[in-house]
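**Student:** This is the structure I want to talk about, given as structure tokens.
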Amino acid sequence: MDLRNVAIIAHVDHGKTTLVDRLLQQSGVYRENQRVVERAMDSNDLERERGITILAKAASVEWQGTRINIVDTPGHADFGGEVERILNMVDGALVLVDAAEGPLPQTKFVVSKALKMGLKPIVVINKVDRSDARPTQVVNEVFDLFAALDASDEQLDFPILYGSAKQGWMSEKLDGPQDQGMKPLFDLVLKHVKPPVVEQGPFRLLGTIIEANNYLGRIITGRITSGAVKPNQAVKVLDREGKLIETGRITKVLAFRGLERQPVDVAEAGDIVALAGLPNATVAMTICDPSVETPIPAQPIDPPTLAMTFRVNDSPLAGTEGSKVTGRMIRDRLLREAEGNVALRVRESDDKDAMEVAGRGELQLGILIETMRREGFELSVSRPKVLLRRNEAGELEEPIEEVVIDVDEEHSGVVVQKMSERKAEMTEMRPSGGGRVRLVFHAPTRGLIGYQGELLTDTRGTAIMNRLFHGYAPHKGAIQGRRNGVLISNDKGEAVAYALWNLEDRGPMMIEPGWKVYTGMIVGEHTRDNDLIVNVLKGKQLTNIRTTSKDEAVRLTPPIKMTLEKALAYIQDDELVEVTPSSIRLRKKLLDENDRKKAERTKEAETV
């Protein structure tokens, strides 16, 4: 059977997963009367909630006797570890762009990698049914983007389709017919994307996607470069340098059929398959016949830029809300995650009962924590810290990101001011239409921790921020952190409305009446720069003297709602976020006030 391997590249929320749904429906993968889940390829709960694709997935459709393998790539730069490897498996790319928003930074991130690999793109302008669509300008912006990324003349001569994945149609002309469904897209893929290049020789496959399966063990997905593979075949695994990692036998060969993976008796060169049976093989390694000596060239994996410490929850409320609370459970879960996610690095921390997890960004680490808490884990996590490195001259360097912010003109001043406070350098400022401005900065990753929430507050929710790893640069010096101290509970119990009401002039609260608190837990933000210990359990003294009714009712200001991302950005180095399946609490690392004073004195003595 003829084969085509295609990746879909798009910015977050530009409609690529919806497009795949339509391709599956119109190629006959689903029966006429089958109930279809919306956004079938976003199979993870968090992916559905956030509307983003986190893990790369593959599907396969048949069109006029040709099998088309479609690989859905993550559009968010935090999951870039997935992207660069997926593109090695395919021979063409659909670049999907929103007809109103145009190409955005994450499109740039993935497209630049695709162009470098020599893939010839097909540009699909989606959502042309939007009231604010501007398809012609967007096509020009895509051309400018490709040119800026050093696309070849052949790559710049890209075919264009217009349509609406949601409505289920595509057309070669902007005002073309809408009754052909996805046929123009299928036809263009067959015409424009070349069949996979098959090399002669024994079996070889480059590991591209890795996952851990409870029944089959480690599963490696990749494209067969040469030869064929069958179950029970003897193979060996080579790393990027050609060193032997392991020898073994393939227990199962799984091919993609629709959204499902089905066992097959043999898979030929050019097809994308998943292999089980090799416990030590991982991404960027070559799985091959025992006679092969040279590995397939592979891209190294980008380094993590942020690290956090995951530790056992040792608060007085530990074990009351979650079912998985021990250090061994947390350790095993993190090591299992690292097995299936090469962009994460997990190692034992210097503290006992703690693991250090390094990743590409706050979003990636935040999603890992959110997934664990839904699985019933209780843990406490530290503030994310940026991973610095020393160059050959011994100078300290830190990761820098390219930050693109689209904002209404009236709010551009406050954005520029806040970004400069965070040691960012502005590289571009231009109008982006509709009274909006596009600001481009190079900013240290350190300075961006927690800025997303502040940006939305400053711009009344109108700004869109996108980030992209740019490279390492000399350390930019100290960045001003949180200026306010916190209010700390002095006792264990349930918060009382009267006590919270009396403390309102001290600062905004983070808890509500009836919430469980304990000594050392953070209950609010102090209006000044120092920490203050307060009593949130103190009820009103009851007397037999009658009072006017207005004195009885306590009206409280609504508390600050702490989401996981907001809490991680808010805490300081001496604080932790306690995460359980039902609560997110902030606390001091050392719960006892005397221990905190002792640690402070030790720290002062060390800096003298």
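Identifiers in the structure tokens: chain A, B, ... in order shown; residue index from 1 per chain; ligand index from 1 in order shown.
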Which residues are near range 527-533 of chain A? Cut-off 12 Å, only C-alpha atoms, ignore same chain within fewer than 3 positions. Put them as a compact mmCIF listing (two decimals) with N, CA, C and O atoms, in the first residue's frame.
**Tutor:**
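See selection.txt below for the written result:
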```txt
# COMPACT_ATOMS: atom_id res chain seq x y z
N GLY A 481 11.92 40.49 43.60
CA GLY A 481 10.87 39.47 43.76
C GLY A 481 9.63 40.06 44.41
O GLY A 481 9.36 41.25 44.28
N ARG A 482 8.91 39.23 45.16
CA ARG A 482 7.69 39.69 45.84
C ARG A 482 8.08 40.72 46.90
O ARG A 482 9.02 40.53 47.66
N ARG A 483 7.35 41.80 46.97
CA ARG A 483 7.71 42.88 47.91
C ARG A 483 7.00 42.73 49.25
O ARG A 483 7.42 43.30 50.23
N ASN A 484 5.88 42.02 49.27
CA ASN A 484 5.08 41.93 50.50
C ASN A 484 5.43 40.70 51.32
O ASN A 484 5.80 39.66 50.78
N GLY A 485 5.30 40.84 52.65
CA GLY A 485 5.43 39.68 53.53
C GLY A 485 4.12 38.92 53.54
O GLY A 485 3.19 39.23 52.80
N VAL A 486 4.05 37.90 54.41
CA VAL A 486 2.83 37.09 54.48
C VAL A 486 2.30 37.03 55.91
O VAL A 486 3.02 37.32 56.87
N LEU A 487 1.03 36.67 56.03
CA LEU A 487 0.40 36.46 57.34
C LEU A 487 0.44 34.96 57.62
O LEU A 487 0.02 34.15 56.78
N ILE A 488 0.98 34.60 58.80
CA ILE A 488 1.21 33.19 59.12
C ILE A 488 0.36 32.80 60.33
O ILE A 488 0.35 33.50 61.34
N SER A 489 -0.32 31.66 60.22
CA SER A 489 -1.17 31.19 61.33
C SER A 489 -0.30 30.76 62.52
O SER A 489 0.75 30.14 62.35
N ASN A 490 -0.77 31.07 63.74
CA ASN A 490 0.01 30.71 64.94
C ASN A 490 -0.51 29.44 65.62
O ASN A 490 -0.02 29.05 66.67
N ASP A 491 -1.56 28.82 65.04
CA ASP A 491 -2.13 27.67 65.73
C ASP A 491 -2.88 26.77 64.75
O ASP A 491 -3.10 27.15 63.59
N LEU A 503 -8.66 40.92 60.98
CA LEU A 503 -7.31 40.98 60.38
C LEU A 503 -7.30 41.64 59.00
O LEU A 503 -6.25 41.74 58.38
N GLU A 504 -8.47 42.07 58.53
CA GLU A 504 -8.53 42.58 57.16
C GLU A 504 -7.63 43.79 56.92
O GLU A 504 -7.13 43.98 55.83
N ASP A 505 -7.42 44.62 57.96
CA ASP A 505 -6.56 45.79 57.76
C ASP A 505 -5.08 45.42 57.68
O ASP A 505 -4.24 46.22 57.31
N ARG A 506 -4.77 44.17 58.04
CA ARG A 506 -3.37 43.69 57.94
C ARG A 506 -3.01 43.26 56.52
O ARG A 506 -1.84 43.15 56.19
N GLY A 507 -4.02 42.95 55.71
CA GLY A 507 -3.76 42.53 54.34
C GLY A 507 -4.83 41.57 53.85
O GLY A 507 -5.61 41.04 54.64
N PRO A 508 -4.87 41.31 52.53
CA PRO A 508 -5.88 40.40 51.97
C PRO A 508 -5.65 38.95 52.42
O PRO A 508 -4.51 38.53 52.59
N MET A 509 -6.75 38.22 52.62
CA MET A 509 -6.67 36.84 53.09
C MET A 509 -6.60 35.86 51.90
O MET A 509 -7.00 36.19 50.79
N TYR A 518 -3.01 25.44 60.14
CA TYR A 518 -2.07 24.89 61.12
C TYR A 518 -0.94 25.88 61.33
O TYR A 518 -0.77 26.84 60.55
N THR A 519 -0.17 25.69 62.39
CA THR A 519 0.96 26.56 62.71
C THR A 519 1.94 26.58 61.54
O THR A 519 2.34 25.52 61.05
N GLY A 520 2.29 27.80 61.08
CA GLY A 520 3.25 27.92 59.98
C GLY A 520 2.60 27.98 58.60
O GLY A 520 3.28 28.15 57.59
N MET A 521 1.27 27.85 58.55
CA MET A 521 0.57 27.93 57.26
C MET A 521 0.36 29.40 56.89
O MET A 521 0.09 30.25 57.75
N ILE A 522 0.50 29.73 55.61
CA ILE A 522 0.30 31.11 55.14
C ILE A 522 -1.19 31.32 54.90
O ILE A 522 -1.82 30.56 54.14
N VAL A 523 -1.76 32.31 55.59
CA VAL A 523 -3.21 32.54 55.49
C VAL A 523 -3.57 33.82 54.75
O VAL A 523 -4.72 34.05 54.42
N GLY A 524 -2.57 34.68 54.49
CA GLY A 524 -2.85 35.93 53.79
C GLY A 524 -1.57 36.66 53.43
O GLY A 524 -0.46 36.19 53.71
N VAL A 536 -6.01 33.25 63.53
CA VAL A 536 -7.24 33.24 62.73
C VAL A 536 -8.32 32.35 63.38
O VAL A 536 -9.35 32.08 62.79
N GLN A 572 8.21 32.22 48.10
CA GLN A 572 9.63 32.55 48.13
C GLN A 572 10.43 31.27 48.40
O GLN A 572 9.86 30.20 48.61
N ASP A 574 11.89 30.26 51.00
CA ASP A 574 11.69 29.60 52.31
C ASP A 574 10.25 29.12 52.50
O ASP A 574 9.81 28.87 53.61
N GLU A 575 9.51 29.02 51.39
CA GLU A 575 8.10 28.61 51.45
C GLU A 575 7.85 27.42 50.51
O GLU A 575 8.65 27.16 49.62
N LYS A 588 5.14 27.87 55.25
CA LYS A 588 6.57 28.09 55.43
C LYS A 588 7.27 26.72 55.40
O LYS A 588 6.71 25.73 55.88
N LEU A 591 7.94 25.12 59.83
CA LEU A 591 6.65 25.52 60.41
C LEU A 591 6.82 26.23 61.75
O LEU A 591 6.03 27.11 62.09
N ASP A 592 7.85 25.88 62.52
CA ASP A 592 8.04 26.47 63.84
C ASP A 592 8.75 27.81 63.74
O ASP A 592 9.77 27.95 63.05
N GLU A 593 8.20 28.82 64.44
CA GLU A 593 8.76 30.19 64.36
C GLU A 593 10.23 30.23 64.83
O GLU A 593 11.06 30.91 64.23
N ARG A 596 12.56 29.01 62.20
CA ARG A 596 12.72 30.00 61.13
C ARG A 596 13.72 31.08 61.54
O ARG A 596 14.57 31.49 60.75
N LYS A 597 13.62 31.53 62.82
CA LYS A 597 14.54 32.57 63.30
C LYS A 597 15.98 32.05 63.31
O LYS A 597 16.92 32.75 62.94
```
**Student:** If you take only C-alpha atoms and a cut-off of 9 Å, which residues of range 266-299 of chain A touch range 191-198 of chain A, and what are their nearest atom pairs and distances in Å to one decimal, in chain and number order, as JSON lines?
**Tutor:**
```
{"residue": "A:Ala269", "atom": "CA", "partner": "A:Val198", "partner_atom": "CA", "distance": 6.0}
{"residue": "A:Gly270", "atom": "CA", "partner": "A:Pro196", "partner_atom": "CA", "distance": 5.3}
{"residue": "A:Asp271", "atom": "CA", "partner": "A:Pro196", "partner_atom": "CA", "distance": 8.1}
```
**Student:** Got a sec: who's within 12 Å of range 352-355 of chain A, counting only C-alpha atoms, leaving out chain neighbours fewer than 5 positions off, as a ChimeraX atom specification?
**Tutor:** /A:307-314,325-335,345-347,379-382
**Student:** Using only C-alpha atoms for the distances, tell me which of A:Leu24, A:Leu145, A:Ile584, A:Val253 is nearest to Ala276 in chain A.
**Tutor:**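 Of all the options, A:Val253 lies closest to Ala276 in chain A.
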**Student:** Quick one: distance from CA of Ala165 in chain A to CA of Asp408 in chain A in Å, one decimal?
**Tutor:** 28.7 Å
**Student:** Looking only at strand (DSSP E or B) from DSSP on the backbone, list the matching residues of range 293-354 of chain A as a PyMOL selection string.
**Tutor:** chain A and resi 306-311+324+345-348+354
